[in-house]
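Structure file query34.pdb (PDB, C-alpha atoms) is printed below.
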ATOM      1  CA  LEU V   1      28.243 -13.814   0.040
ATOM      2  CA  GLY V   2      31.467 -15.045  -1.528
ATOM      3  CA  GLU V   3      35.209 -14.927  -0.896
ATOM      4  CA  GLY V   4      36.202 -11.852   1.075
ATOM      5  CA  TRP V   5      32.590 -11.264   2.105
ATOM      6  CA  GLY V   6      32.365 -13.241   5.330
ATOM      7  CA  MET V   7      30.656 -11.663   8.311
ATOM      8  CA  ASP V   8      34.000 -10.611   9.811
ATOM      9  CA  ASP V   9      34.952  -8.960   6.498
ATOM     10  CA  ILE V  10      31.651  -7.068   6.419
ATOM     11  CA  ARG V  11      32.068  -5.863   9.977
ATOM     12  CA  ALA V  12      35.652  -4.725   9.433
ATOM     13  CA  ASP V  13      35.218  -2.762   6.201
ATOM     14  CA  GLU V  14      32.989   0.334   6.058
ATOM     15  CA  ARG V  15      32.108  -0.052   2.378
ATOM     16  CA  LYS V  16      31.465  -3.780   2.688
ATOM     17  CA  ARG V  17      29.346  -3.177   5.769
ATOM     18  CA  GLU V  18      27.087  -0.760   3.876
ATOM     19  CA  LEU V  19      26.669  -3.120   0.927
ATOM     20  CA  GLY V  20      26.453  -6.206   3.118
ATOM     21  CA  VAL V  21      23.615  -4.760   5.217
ATOM     22  CA  MET V  22      21.685  -3.859   2.073
ATOM     23  CA  ILE V  23      22.235  -7.292   0.501
ATOM     24  CA  LEU V  24      21.332  -9.241   3.644
ATOM     25  CA  ASN V  25      18.212  -7.167   4.290
ATOM     26  CA  ASN V  26      17.070  -7.605   0.684
ATOM     27  CA  TRP V  27      17.863 -11.308   0.875
ATOM     28  CA  GLY V  28      15.788 -11.612   4.019
ATOM     29  CA  GLN V  29      12.849  -9.845   2.404
ATOM     30  CA  ALA V  30      13.078 -12.107  -0.645
ATOM     31  CA  LEU V  31      13.035 -15.183   1.603
ATOM     32  CA  GLY V  32       9.988 -13.805   3.372
ATOM     33  CA  GLN V  33       8.175 -13.227   0.077
ATOM     34  CA  VAL V  34       8.526 -16.909  -0.869
ATOM     35  CA  GLY V  35       7.368 -18.090   2.555
ATOM     36  CA  ARG V  36      10.741 -18.986   4.074
ATOM     37  CA  VAL V  37      10.123 -16.683   7.016
ATOM     38  CA  LYS V  38      12.291 -18.412   9.614
ATOM     39  CA  GLU V  39      15.282 -18.157   7.279
ATOM     40  CA  ALA V  40      14.329 -14.534   6.682
ATOM     41  CA  VAL V  41      14.471 -13.833  10.415
ATOM     42  CA  GLU V  42      17.913 -15.454  10.601
ATOM     43  CA  MET V  43      19.102 -13.178   7.783
ATOM     44  CA  PHE V  44      17.760 -10.085   9.543
ATOM     45  CA  ARG V  45      19.475 -11.125  12.769
ATOM     46  CA  LEU V  46      22.766 -11.291  10.872
ATOM     47  CA  VAL V  47      22.176  -7.684   9.849
ATOM     48  CA  LEU V  48      21.642  -6.691  13.475
ATOM     49  CA  SER V  49      24.899  -8.412  14.434
ATOM     50  CA  VAL V  50      26.679  -6.160  11.916
ATOM     51  CA  LEU V  51      24.951  -3.000  13.088
ATOM     52  CA  GLU V  52      25.178  -3.566  16.848
ATOM     53  CA  ASP V  53      26.537  -0.723  18.953
ATOM     54  CA  ARG V  54      26.632   1.691  15.999
ATOM     55  CA  GLU V  55      24.510   4.665  17.056
ATOM     56  CA  GLU V  56      24.880   6.391  13.673
ATOM     57  CA  GLU V  57      23.074   3.455  12.032
ATOM     58  CA  TRP V  58      20.150   3.453  14.461
ATOM     59  CA  ASP V  59      17.583   4.064  11.715
ATOM     60  CA  GLU V  60      18.802   0.962   9.877
ATOM     61  CA  VAL V  61      18.577  -1.014  13.131
ATOM     62  CA  LEU V  62      14.922  -0.006  13.498
ATOM     63  CA  VAL V  63      14.163  -0.934   9.885
ATOM     64  CA  THR V  64      15.729  -4.369  10.403
ATOM     65  CA  LYS V  65      13.941  -4.969  13.701
ATOM     66  CA  LEU V  66      10.636  -4.192  12.017
ATOM     67  CA  HIS V  67      11.484  -6.717   9.294
ATOM     68  CA  ILE V  68      11.928  -9.269  12.108
ATOM     69  CA  TRP V  69       8.627  -8.216  13.704
ATOM     70  CA  ARG V  70       6.687  -8.662  10.445
ATOM     71  CA  ALA V  71       8.304 -12.023   9.689
ATOM     72  CA  SER V  72       7.761 -13.242  13.276
ATOM     73  CA  LYS V  73       4.033 -12.550  12.963
ATOM     74  CA  VAL V  74       3.869 -14.652   9.797
ATOM     75  CA  ALA V  75       5.836 -17.470  11.469
ATOM     76  CA  CYS V  76       3.671 -17.234  14.637
ATOM     77  CA  ASP V  77       6.851 -16.842  16.687
ATOM     78  CA  TRP V  78       5.560 -15.132  19.811
ATOM     79  CA  GLU V  79       8.557 -15.630  22.117
ATOM     80  CA  ASP V  80       9.254 -12.255  23.779
ATOM     81  CA  PHE V  81       7.129 -10.773  21.000
ATOM     82  CA  GLY V  82       5.026  -8.365  23.051
ATOM     83  CA  LEU V  83       7.831  -6.903  25.151
ATOM     84  CA  GLU V  84      10.246  -6.530  22.223
ATOM     85  CA  PHE V  85       7.544  -5.026  20.040
ATOM     86  CA  ASP V  86       6.501  -2.449  22.656
ATOM     87  CA  ARG V  87      10.121  -1.327  22.997
ATOM     88  CA  LEU V  88      10.517  -1.191  19.237
ATOM     89  CA  ILE V  89       7.422   0.951  18.637
ATOM     90  CA  SER V  90       8.414   3.284  21.463
ATOM     91  CA  ASN V  91      11.850   3.738  19.886
ATOM     92  CA  VAL V  92      10.353   4.409  16.440
ATOM     93  CA  LEU V  93       7.972   7.035  17.822
ATOM     94  CA  ILE V  94      10.551   8.794  20.015
ATOM     95  CA  THR V  95      13.574   8.757  17.686
ATOM     96  CA  GLN V  96      11.823   9.116  14.329
ATOM     97  CA  VAL V  97       8.137  10.080  14.233
ATOM     98  CA  TYR V  98       8.174  12.739  16.949
ATOM     99  CA  LYS V  99      11.300  14.246  15.378
ATOM    100  CA  GLY V 100       9.664  14.514  11.945
ATOM    101  CA  LYS V 101      11.798  11.779  10.335
ATOM    102  CA  GLU V 102      10.305   9.214   7.970
ATOM    103  CA  ALA V 103       9.626   6.193  10.146
ATOM    104  CA  ALA V 104      10.727   2.599   9.778
ATOM    105  CA  LEU V 105       7.123   1.815  10.712
ATOM    106  CA  LEU V 106       4.941   1.759   7.579
ATOM    107  CA  PRO V 107       1.401   3.177   7.435
ATOM    108  CA  PHE V 108      -0.067  -0.308   6.973
ATOM    109  CA  ASP V 109       1.783  -1.500  10.104
ATOM    110  CA  THR V 110      -0.059   1.078  12.189
ATOM    111  CA  LEU V 111      -3.535  -0.270  11.389
ATOM    112  CA  GLY V 112      -3.128  -3.322  13.603
ATOM    113  CA  ILE V 113      -1.290  -1.872  16.591
ATOM    114  CA  GLU V 114      -2.227   0.380  19.470
ATOM    115  CA  ILE V 115      -0.590   3.753  18.997
ATOM    116  CA  PRO V 116      -2.080   7.220  19.496
ATOM    117  CA  PRO V 117      -4.184   8.206  16.447
ATOM    118  CA  PRO V 118      -2.135  11.409  15.922
ATOM    119  CA  ALA V 119       1.013   9.269  15.726
ATOM    120  CA  ARG V 120      -0.677   6.999  13.181
ATOM    121  CA  ARG V 121      -1.452  10.057  11.078
ATOM    122  CA  GLU V 122       2.100  11.382  11.410
ATOM    123  CA  VAL V 123       3.604   8.077  10.242
ATOM    124  CA  ALA V 124       1.441   8.300   7.108
ATOM    125  CA  VAL V 125       2.225  11.988   6.521
ATOM    126  CA  LEU V 126       5.976  11.384   6.751
ATOM    127  CA  HIS V 127       5.716   8.366   4.448
ATOM    128  CA  ALA V 128       3.652  10.269   1.872
ATOM    129  CA  SER V 129       5.732  13.444   1.922
ATOM    130  CA  ARG V 130       8.262  12.111  -0.589
ATOM    131  CA  LEU V 131       5.427  11.631  -3.087
ATOM    132  CA  SER V 132       3.730  14.999  -2.743
ATOM    133  CA  LYS V 133       5.959  16.881  -5.189
ATOM    134  CA  LEU V 134       5.049  14.462  -7.971
ATOM    135  CA  SER V 135       1.749  16.289  -8.433
ATOM    136  CA  GLU V 136       3.781  19.148  -9.906
ATOM    137  CA  THR V 137       5.025  17.000 -12.800
ATOM    138  CA  VAL V 138       1.718  16.693 -14.704
ATOM    139  CA  PRO V 139      -0.912  19.237 -15.779
ATOM    140  CA  GLU V 140      -3.686  19.973 -13.273
ATOM    141  CA  PRO V 141      -6.813  17.985 -14.300
ATOM    142  CA  SER V 142      -9.841  20.012 -15.301
ATOM    143  CA  PRO V 143     -12.324  20.448 -12.422
ATOM    144  CA  LEU V 144     -15.109  18.990 -14.576
ATOM    145  CA  PRO V 145     -13.633  16.874 -17.376
ATOM    146  CA  PRO V 146     -16.214  15.897 -19.981
ATOM    147  CA  GLY V 147     -17.594  12.387 -19.738
ATOM    148  CA  SER V 148     -17.793  10.530 -23.026
ATOM    149  CA  ALA V 149     -21.480   9.808 -22.364
ATOM    150  CA  GLY V 150     -22.293  13.474 -21.687
ATOM    151  CA  ASP V 151     -22.379  15.699 -18.648
ATOM    152  CA  SER V 152     -25.007  13.506 -16.929
ATOM    153  CA  ALA V 153     -22.561  10.591 -16.558
ATOM    154  CA  LEU V 154     -20.159  10.382 -13.660
ATOM    155  CA  HIS V 155     -16.844   8.977 -14.917
ATOM    156  CA  MET V 156     -15.084   6.938 -12.240
ATOM    157  CA  GLY V 157     -11.893   4.924 -12.298
ATOM    158  CA  TYR V 158     -10.802   2.163  -9.913
ATOM    159  CA  ILE V 159      -7.036   1.647  -9.864
ATOM    160  CA  CYS V 160      -5.754  -1.606  -8.383
ATOM    161  CA  TYR V 161      -3.027  -4.259  -8.326
ATOM    162  CA  ASP V 162      -5.398  -7.088  -7.401
ATOM    163  CA  PHE V 163      -7.879  -7.544 -10.251
ATOM    164  CA  ASN V 164      -7.239 -11.309 -10.098
ATOM    165  CA  ASP V 165      -7.882 -14.235  -7.738
ATOM    166  CA  HIS V 166      -7.339 -12.116  -4.646
ATOM    167  CA  PRO V 167      -9.653 -11.065  -1.781
ATOM    168  CA  THR V 168      -9.906  -7.567  -3.281
ATOM    169  CA  ALA V 169     -11.427  -8.895  -6.495
ATOM    170  CA  HIS V 170     -13.607 -11.324  -4.527
ATOM    171  CA  LEU V 171     -15.128  -8.342  -2.713
ATOM    172  CA  ALA V 172     -15.228  -5.926  -5.635
ATOM    173  CA  GLU V 173     -16.566  -8.141  -8.400
ATOM    174  CA  GLY V 174     -20.152  -7.106  -7.685
ATOM    175  CA  LEU V 175     -19.170  -3.443  -7.502
ATOM    176  CA  PHE V 176     -18.627  -3.268 -11.256
ATOM    177  CA  LEU V 177     -21.799  -5.238 -11.890
ATOM    178  CA  HIS V 178     -24.001  -2.834  -9.948
ATOM    179  CA  HIS V 179     -22.261   0.312 -11.165
ATOM    180  CA  ASN V 180     -22.979  -0.608 -14.762
ATOM    181  CA  ARG V 181     -26.658  -1.355 -14.138
ATOM    182  CA  THR V 182     -27.511   2.282 -13.565
ATOM    183  CA  GLY V 183     -26.369   3.839 -16.835
ATOM    184  CA  ARG V 184     -25.516   6.985 -14.856
ATOM    185  CA  VAL V 185     -21.916   5.996 -14.120
ATOM    186  CA  GLU V 186     -19.067   5.193 -16.485
ATOM    187  CA  VAL V 187     -16.514   2.943 -14.812
ATOM    188  CA  ASP V 188     -12.908   2.264 -15.758
ATOM    189  CA  ALA V 189     -10.849  -0.546 -14.205
ATOM    190  CA  LEU V 190      -7.227   0.621 -14.194
ATOM    191  CA  ASN V 191      -4.975  -2.364 -13.714
ATOM    192  CA  TYR V 192      -1.296  -2.677 -12.861
ATOM    193  CA  GLY V 193      -1.344  -6.245 -11.503
ATOM    194  CA  LYS V 194      -0.854  -9.676 -13.007
ATOM    195  CA  ASP V 195      -3.309 -11.435 -15.297
ATOM    196  CA  ASP V 196      -3.780 -14.840 -13.677
ATOM    197  CA  GLY V 197      -6.535 -15.918 -16.069
ATOM    198  CA  SER V 198      -8.903 -16.513 -13.151
ATOM    199  CA  ASP V 199     -12.686 -16.251 -13.381
ATOM    200  CA  TYR V 200     -12.478 -13.119 -11.228
ATOM    201  CA  ARG V 201     -10.152 -11.405 -13.679
ATOM    202  CA  VAL V 202     -12.181 -12.476 -16.709
ATOM    203  CA  ASN V 203     -15.463 -11.324 -15.158
ATOM    204  CA  ILE V 204     -14.170  -7.892 -14.124
ATOM    205  CA  VAL V 205     -12.816  -7.309 -17.631
ATOM    206  CA  GLU V 206     -16.207  -8.271 -19.089
ATOM    207  CA  LEU V 207     -18.151  -6.103 -16.628
ATOM    208  CA  VAL V 208     -16.320  -2.970 -17.829
ATOM    209  CA  GLY V 209     -16.919  -3.824 -21.482
ATOM    210  CA  GLY V 210     -13.654  -5.581 -22.246
ATOM    211  CA  LYS V 211     -10.083  -4.419 -22.670
ATOM    212  CA  GLU V 212      -9.210  -0.979 -23.969
ATOM    213  CA  GLU V 213      -7.940  -2.294 -27.310
ATOM    214  CA  VAL V 214     -11.424  -3.601 -28.163
ATOM    215  CA  GLY V 215     -13.206  -0.471 -27.007
ATOM    216  CA  GLY V 216     -13.703  -1.494 -23.381
ATOM    217  CA  ARG V 217     -12.773   0.205 -20.137
ATOM    218  CA  PHE V 218     -10.239  -2.250 -18.722
ATOM    219  CA  ILE V 219      -7.072  -0.150 -18.938
ATOM    220  CA  GLU V 220      -3.730  -1.928 -18.732
ATOM    221  CA  LEU V 221      -0.930  -0.027 -16.952
ATOM    222  CA  THR V 222       1.260  -2.953 -15.913
ATOM    223  CA  GLN V 223       4.091  -2.406 -18.366
ATOM    224  CA  GLN V 224       4.048   1.379 -18.085
ATOM    225  CA  SER V 225       6.309   3.478 -15.902
ATOM    226  CA  ASP V 226       4.665   5.563 -13.193
ATOM    227  CA  SER V 227       5.064   8.701 -15.282
ATOM    228  CA  ILE V 228       3.558   7.175 -18.443
ATOM    229  CA  ALA V 229       0.816   5.416 -16.444
ATOM    230  CA  SER V 230      -0.185   8.724 -14.868
ATOM    231  CA  GLN V 231      -0.531  10.260 -18.328
ATOM    232  CA  SER V 232      -2.657   7.277 -19.393
ATOM    233  CA  VAL V 233      -4.973   7.766 -16.425
ATOM    234  CA  LEU V 234      -5.088  11.532 -16.922
ATOM    235  CA  SER V 235      -6.157  11.010 -20.544
ATOM    236  CA  ARG V 236      -9.223   9.094 -19.343
ATOM    237  CA  ASN V 237     -10.753  12.392 -18.120
ATOM    238  CA  LEU V 238     -12.012  10.900 -14.883
ATOM    239  CA  HIS V 239     -14.186  12.811 -12.447
ATOM    240  CA  VAL V 240     -13.223  10.538  -9.545
ATOM    241  CA  LEU V 241     -10.324   8.111  -9.088
ATOM    242  CA  ILE V 242     -10.672   5.397  -6.435
ATOM    243  CA  ASP V 243      -7.325   4.027  -5.257
ATOM    244  CA  MET V 244      -8.159   0.530  -4.037
ATOM    245  CA  GLN V 245      -4.586  -0.262  -3.024
ATOM    246  CA  GLY V 246      -3.245   2.550  -0.870
ATOM    247  CA  PHE V 247       0.014   1.850   0.951
ATOM    248  CA  THR V 248      -0.147  -1.941   0.631
ATOM    249  CA  LEU V 249       1.816  -4.623  -1.203
ATOM    250  CA  GLY V 250       1.912  -3.886  -4.919
ATOM    251  CA  GLY V 251       0.554  -0.346  -4.546
ATOM    252  CA  ARG V 252       1.715   2.391  -6.908
ATOM    253  CA  PRO V 253       0.911   5.648  -5.121
ATOM    254  CA  GLU V 254       3.395   7.308  -7.477
ATOM    255  CA  ILE V 255       0.554   7.328 -10.025
ATOM    256  CA  THR V 256      -2.098   8.948  -7.842
ATOM    257  CA  ALA V 257       0.516  11.310  -6.410
ATOM    258  CA  ARG V 258       0.582  12.992  -9.804
ATOM    259  CA  ARG V 259      -3.041  14.118  -9.211
ATOM    260  CA  VAL V 260      -4.598  12.346 -12.200
ATOM    261  CA  ALA V 261      -8.229  13.167 -11.329
ATOM    262  CA  PRO V 262      -9.963  16.167  -9.729
ATOM    263  CA  VAL V 263     -11.188  13.992  -6.849
ATOM    264  CA  GLN V 264      -9.080  11.111  -5.532
ATOM    265  CA  VAL V 265     -10.357   8.638  -2.960
ATOM    266  CA  ASN V 266      -8.765   5.960  -0.776
ATOM    267  CA  TYR V 267     -11.027   2.916  -0.511
ATOM    268  CA  LEU V 268     -11.155  -0.702   0.603
ATOM    269  CA  ILE V 269      -7.767  -2.384   1.122
ATOM    270  CA  PHE V 270      -6.148   0.305   3.250
ATOM    271  CA  PRO V 271      -8.818   1.715   5.596
ATOM    272  CA  GLY V 272      -6.539   4.255   7.225
ATOM    273  CA  THR V 273      -5.209   7.684   6.467
ATOM    274  CA  SER V 274      -2.821   7.982   3.544
ATOM    275  CA  GLY V 275      -1.302  11.136   5.005
ATOM    276  CA  ALA V 276      -1.184  12.407   1.432
ATOM    277  CA  ASN V 277      -2.123  15.834   0.124
ATOM    278  CA  PHE V 278      -3.255  14.191  -3.132
ATOM    279  CA  VAL V 279      -6.004  12.040  -1.576
ATOM    280  CA  ASP V 280      -9.220  13.906  -0.792
ATOM    281  CA  TYR V 281     -11.487  11.315   0.853
ATOM    282  CA  VAL V 282     -11.267   7.970   2.593
ATOM    283  CA  VAL V 283     -14.358   5.746   2.488
ATOM    284  CA  GLY V 284     -15.101   4.099   5.814
ATOM    285  CA  ASP V 285     -17.805   3.633   8.406
ATOM    286  CA  ALA V 286     -18.472   4.612  12.001
ATOM    287  CA  TYR V 287     -16.544   1.589  13.306
ATOM    288  CA  VAL V 288     -13.511   1.444  11.019
ATOM    289  CA  THR V 289     -13.076   5.217  10.700
ATOM    290  CA  PRO V 290     -14.946   6.770  13.661
ATOM    291  CA  PRO V 291     -16.109  10.315  12.900
ATOM    292  CA  GLU V 292     -14.658  11.546  16.192
ATOM    293  CA  ASP V 293     -11.210  10.626  14.805
ATOM    294  CA  GLN V 294     -11.524  12.954  11.782
ATOM    295  CA  SER V 295      -8.553  15.025  12.994
ATOM    296  CA  SER V 296      -6.360  11.916  12.691
ATOM    297  CA  TYR V 297      -7.038  11.717   8.936
ATOM    298  CA  THR V 298      -5.640  14.026   6.287
ATOM    299  CA  GLU V 299      -8.620  13.093   4.099
ATOM    300  CA  MET V 300     -12.269  13.902   4.694
ATOM    301  CA  LEU V 301     -14.156  10.877   5.988
ATOM    302  CA  ALA V 302     -16.912   9.550   3.716
ATOM    303  CA  LEU V 303     -18.907   7.256   5.984
ATOM    304  CA  MET V 304     -21.085   4.441   4.715
ATOM    305  CA  PRO V 305     -24.308   3.942   6.725
ATOM    306  CA  ASP V 306     -23.545   0.400   7.916
ATOM    307  CA  CYS V 307     -20.281  -1.155   6.729
ATOM    308  CA  TYR V 308     -17.695   0.270   4.361
ATOM    309  CA  GLN V 309     -16.705  -3.129   2.974
ATOM    310  CA  ILE V 310     -18.437  -4.308  -0.179
ATOM    311  CA  ASN V 311     -19.097  -8.031  -0.573
ATOM    312  CA  TYR V 312     -20.263 -10.228  -3.431
ATOM    313  CA  TYR V 313     -21.664 -13.692  -2.759
ATOM    314  CA  ASP V 314     -23.555 -14.572  -5.940
ATOM    315  CA  ARG V 315     -20.650 -16.544  -7.421
ATOM    316  CA  HIS V 316     -20.547 -18.818  -4.367
ATOM    317  CA  VAL V 317     -24.252 -19.408  -3.733
ATOM    318  CA  GLY V 318     -24.867 -23.157  -3.771
ATOM    319  CA  GLU V 319     -21.252 -24.129  -3.302
TER     320      GLU V 319
END

Write the structure described by the file as structure tokens, please.
Amino acid sequence: LGEGWGMDDIRADERKRELGVMILNNWGQALGQVGRVKEAVEMFRLVLSVLEDREEEWDEVLVTKLHIWRASKVACDWEDFGLEFDRLISNVLITQVYKGKEAALLPFDTLGIEIPPPARREVAVLHASRLSKLSETVPEPSPLPPGSAGDSALHMGYICYDFNDHPTAHLAEGLFLHHNRTGRVEVDALNYGKDDGSDYRVNIVELVGGKEEVGGRFIELTQQSDSIASQSVLSRNLHVLIDMQGFTLGGRPEITARRVAPVQVNYLIFPGTSGANFVDYVVGDAYVTPPEDQSSYTEMLALMPDCYQINYYDRHVGE
């Protein structure tokens, strides 16, 4: 890290230790984001060597160990993986979740591991609690905002980071096509992700009538702060907002936390409970979100008859 910032210096100085742990953890995450996961793990292990035997920094130890767990999965490094992971999850549940402390374990982490459903819900609730007060910062939306096509039209908005060449857009492309065939539903695509110029991006923009500046319903939020973006969404007078991102990479729950539509729904990418008091429904099915597990969701379950996941194959027929 530079002169005077060797590992011994970081361990010996309280202020340097605090900054050094933050820098090394961030460095490790950056390495992971660009695919250098083995180097990321090495960086996280340096952090643990600084934090060892310091009980007062136990929460930071758990955060760092979970960074190692996530990176190890990507690197397919399974040595001692199961045993170490079981100990780690047990420690997170006992020392954080069951004591009502925000957990190092993220809601998305819980979808692929075996933990009691009530614990999965509690992880989400604790994670979402910091966002709940944001709903007080904007006016309450009208219960029945007027649709621009009249009261007979249902005005829906889909907010997402992945309206580009990403599996979400691959699945959802046909959603906008079939919505707009009925004439009974007005659909906005509310975007805060990159424009990669892909066919998927171009087609979704076209299916909602083009970008907002030419009178269409593709609304660009990328360059807006969470506060300004929430006002932009609120001004659309939506009846229903579908958050397609949830607590996943790129998600901006700070927008939906401001209660920008009378009904807000979690759908598609994050098929678990948000734990949030600002999300009313989660769309699932009897396999992904079993009705007998309703008590483990803060939202009401909206179950599709067969499978909750939309798919669109027309683009690829004949390939």

Evaluate the PyMOL selection byres ((chain V and resi 93) around 10) and record the selected residues as a list in words, following the chain and residue labels used in the document.
-> Leu88, Ile89, Ser90, Asn91, Val92, Ile94, Thr95, Gln96, Val97, Tyr98, Lys99, Gly100, Lys101, Ala103, Ala104, Leu105, Ile115, Ala119, Arg120, Glu122 and Val123 of chain V

Between V:Ala261, V:Leu234, V:Val187, V:Leu268, which is the closest to Asp162 of chain V once you count only C-alpha atoms?
->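 The shortest atom-to-atom distance to Asp162 of chain V comes from V:Leu268.
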
Name the closest residue to Leu177 of chain V among the candidates V:Gly2, V:Arg45, V:Phe108, V:Asn311; distances are taken between atoms, counting only C-alpha atoms.
->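 Closest residue, counting only C-alpha atoms: V:Asn311.
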
Straight-line distance linking atom CA of Ala286 of chain V with atom CA of Arg259 of chain V, stated in Å to one decimal | 27.9 Å

On this file, the PyMOL selection byres ((chain V and resi 296) around 6) gives some set of residues; write that set as an NGL selection string.
-> :V and (117-118 or 121 or 293-295 or 297)

Please, what is the axis-aligned box for every listed atom of segment 238-243 of chain V with 8 Å on each side, as centre and edge lengths in Å to one decimal, as lines of an AutoDock Vina configuration file?
center_x = -10.8
center_y = 8.4
center_z = -10.1
size_x = 22.9
size_y = 24.8
size_z = 25.6

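Between atom CA of Ala189 of chain V and atom CA of Met244 of chain V the separation is 10.6 Å.
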
Please, what distance in Å, to one decimal, runs between atom CA of Val47 of chain V and atom CA of Gly20 of chain V?
-> 8.1 Å

Residue nearest Leu207 of chain V among V:Leu301, V:Val74, V:Val185, V:His179 (counting all atoms listed in the file) = V:His179

Report as an mmCIF file with C-alpha atoms, in the coordinates of the input all protein, DNA and RNA residues lying within 12 Å of Val214 of chain V, evaluated on all atoms listed in the file, omitting residues in the same chain fewer than 6 positions from it.
data_model
loop_
_atom_site.group_PDB
_atom_site.id
_atom_site.type_symbol
_atom_site.label_atom_id
_atom_site.label_comp_id
_atom_site.auth_asym_id
_atom_site.auth_seq_id
_atom_site.Cartn_x
_atom_site.Cartn_y
_atom_site.Cartn_z
ATOM 1 C CA VAL V 205 -12.816 -7.309 -17.631
ATOM 2 C CA GLU V 206 -16.207 -8.271 -19.089
ATOM 3 C CA VAL V 208 -16.320 -2.970 -17.829
#

If you count all atoms listed in the file, which residues fall within 7 Å of Arg201 of chain V, apart from same-chain ones fewer than 6 positions away, as a PyMOL selection string?
-> chain V and resi 163-165

Output of the above residues as a PDB file, in the frame of the given file, restricted to C-alpha atoms:
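Wrote it out as again-v7.pdb, contents follow:
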ATOM      1  CA  PHE V 163      -7.879  -7.544 -10.251  1.00  0.00           C
ATOM      2  CA  ASN V 164      -7.239 -11.309 -10.098  1.00  0.00           C
ATOM      3  CA  ASP V 165      -7.882 -14.235  -7.738  1.00  0.00           C
TER       4      ASP V 165
END

Pick from V:Tyr158, V:Tyr200, V:Trp5, V:Tyr312: nearest to Tyr267 of chain V, with all atoms listed in the file counted?
->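 Among the listed residues, the smallest separation from Tyr267 of chain V belongs to V:Tyr158.
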
So which residues touch Asp226 of chain V within 10 Å, counting all atoms listed in the file, skipping near sequence neighbours fewer than 3 positions away, as a list in words?
->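 Residues near the query, excluding close chain neighbours: Leu221, Thr222, Gln223, Ala229, Ser230, Gln231, Ser232, Arg252, Pro253, Glu254, Ile255, Thr256, Ala257 and Arg258 of chain V.
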
Near Asn277 of chain V, within 9 Å and counting all atoms listed in the file, which residues show up once chain neighbours fewer than 2 positions away are dropped, as a list in words?
-> Val125, Ala128, Ser129, Ser132, Ala257, Ser274, Gly275, Val279, Asp280, Thr298 and Glu299 of chain V

Output segment 51-61 of chain V with N, CA, C and O atoms present, as a short mmCIF file (atom, residue, chain, number, x, y, z; two decimals), keeping the file's coordinate frame.
data_model
loop_
_atom_site.label_atom_id
_atom_site.label_comp_id
_atom_site.auth_asym_id
_atom_site.auth_seq_id
_atom_site.Cartn_x
_atom_site.Cartn_y
_atom_site.Cartn_z
N LEU V 51 25.27 -4.38 12.72
CA LEU V 51 24.95 -3.00 13.09
C LEU V 51 25.05 -2.72 14.58
O LEU V 51 24.97 -1.56 14.99
N GLU V 52 25.23 -3.74 15.40
CA GLU V 52 25.18 -3.57 16.85
C GLU V 52 26.18 -2.52 17.32
O GLU V 52 27.31 -2.42 16.82
N ASP V 53 25.71 -1.75 18.29
CA ASP V 53 26.54 -0.72 18.95
C ASP V 53 27.00 0.39 18.02
O ASP V 53 27.98 1.07 18.30
N ARG V 54 26.28 0.59 16.91
CA ARG V 54 26.63 1.69 16.00
C ARG V 54 25.48 2.69 16.01
O ARG V 54 24.50 2.56 15.26
N GLU V 55 25.59 3.71 16.86
CA GLU V 55 24.51 4.66 17.06
C GLU V 55 24.14 5.39 15.77
O GLU V 55 22.97 5.70 15.53
N GLU V 56 25.14 5.65 14.91
CA GLU V 56 24.88 6.39 13.67
C GLU V 56 24.04 5.59 12.69
O GLU V 56 23.51 6.14 11.71
N GLU V 57 23.89 4.30 12.91
CA GLU V 57 23.07 3.46 12.03
C GLU V 57 21.79 3.00 12.72
O GLU V 57 21.21 1.97 12.38
N TRP V 58 21.32 3.81 13.68
CA TRP V 58 20.15 3.45 14.46
C TRP V 58 18.91 3.30 13.59
O TRP V 58 18.10 2.40 13.81
N ASP V 59 18.75 4.17 12.59
CA ASP V 59 17.58 4.06 11.72
C ASP V 59 17.56 2.72 11.00
O ASP V 59 16.50 2.10 10.85
N GLU V 60 18.72 2.26 10.56
CA GLU V 60 18.80 0.96 9.88
C GLU V 60 18.50 -0.17 10.85
O GLU V 60 17.88 -1.18 10.48
N VAL V 61 18.90 -0.01 12.11
CA VAL V 61 18.58 -1.01 13.13
C VAL V 61 17.06 -1.13 13.29
O VAL V 61 16.51 -2.23 13.34
#
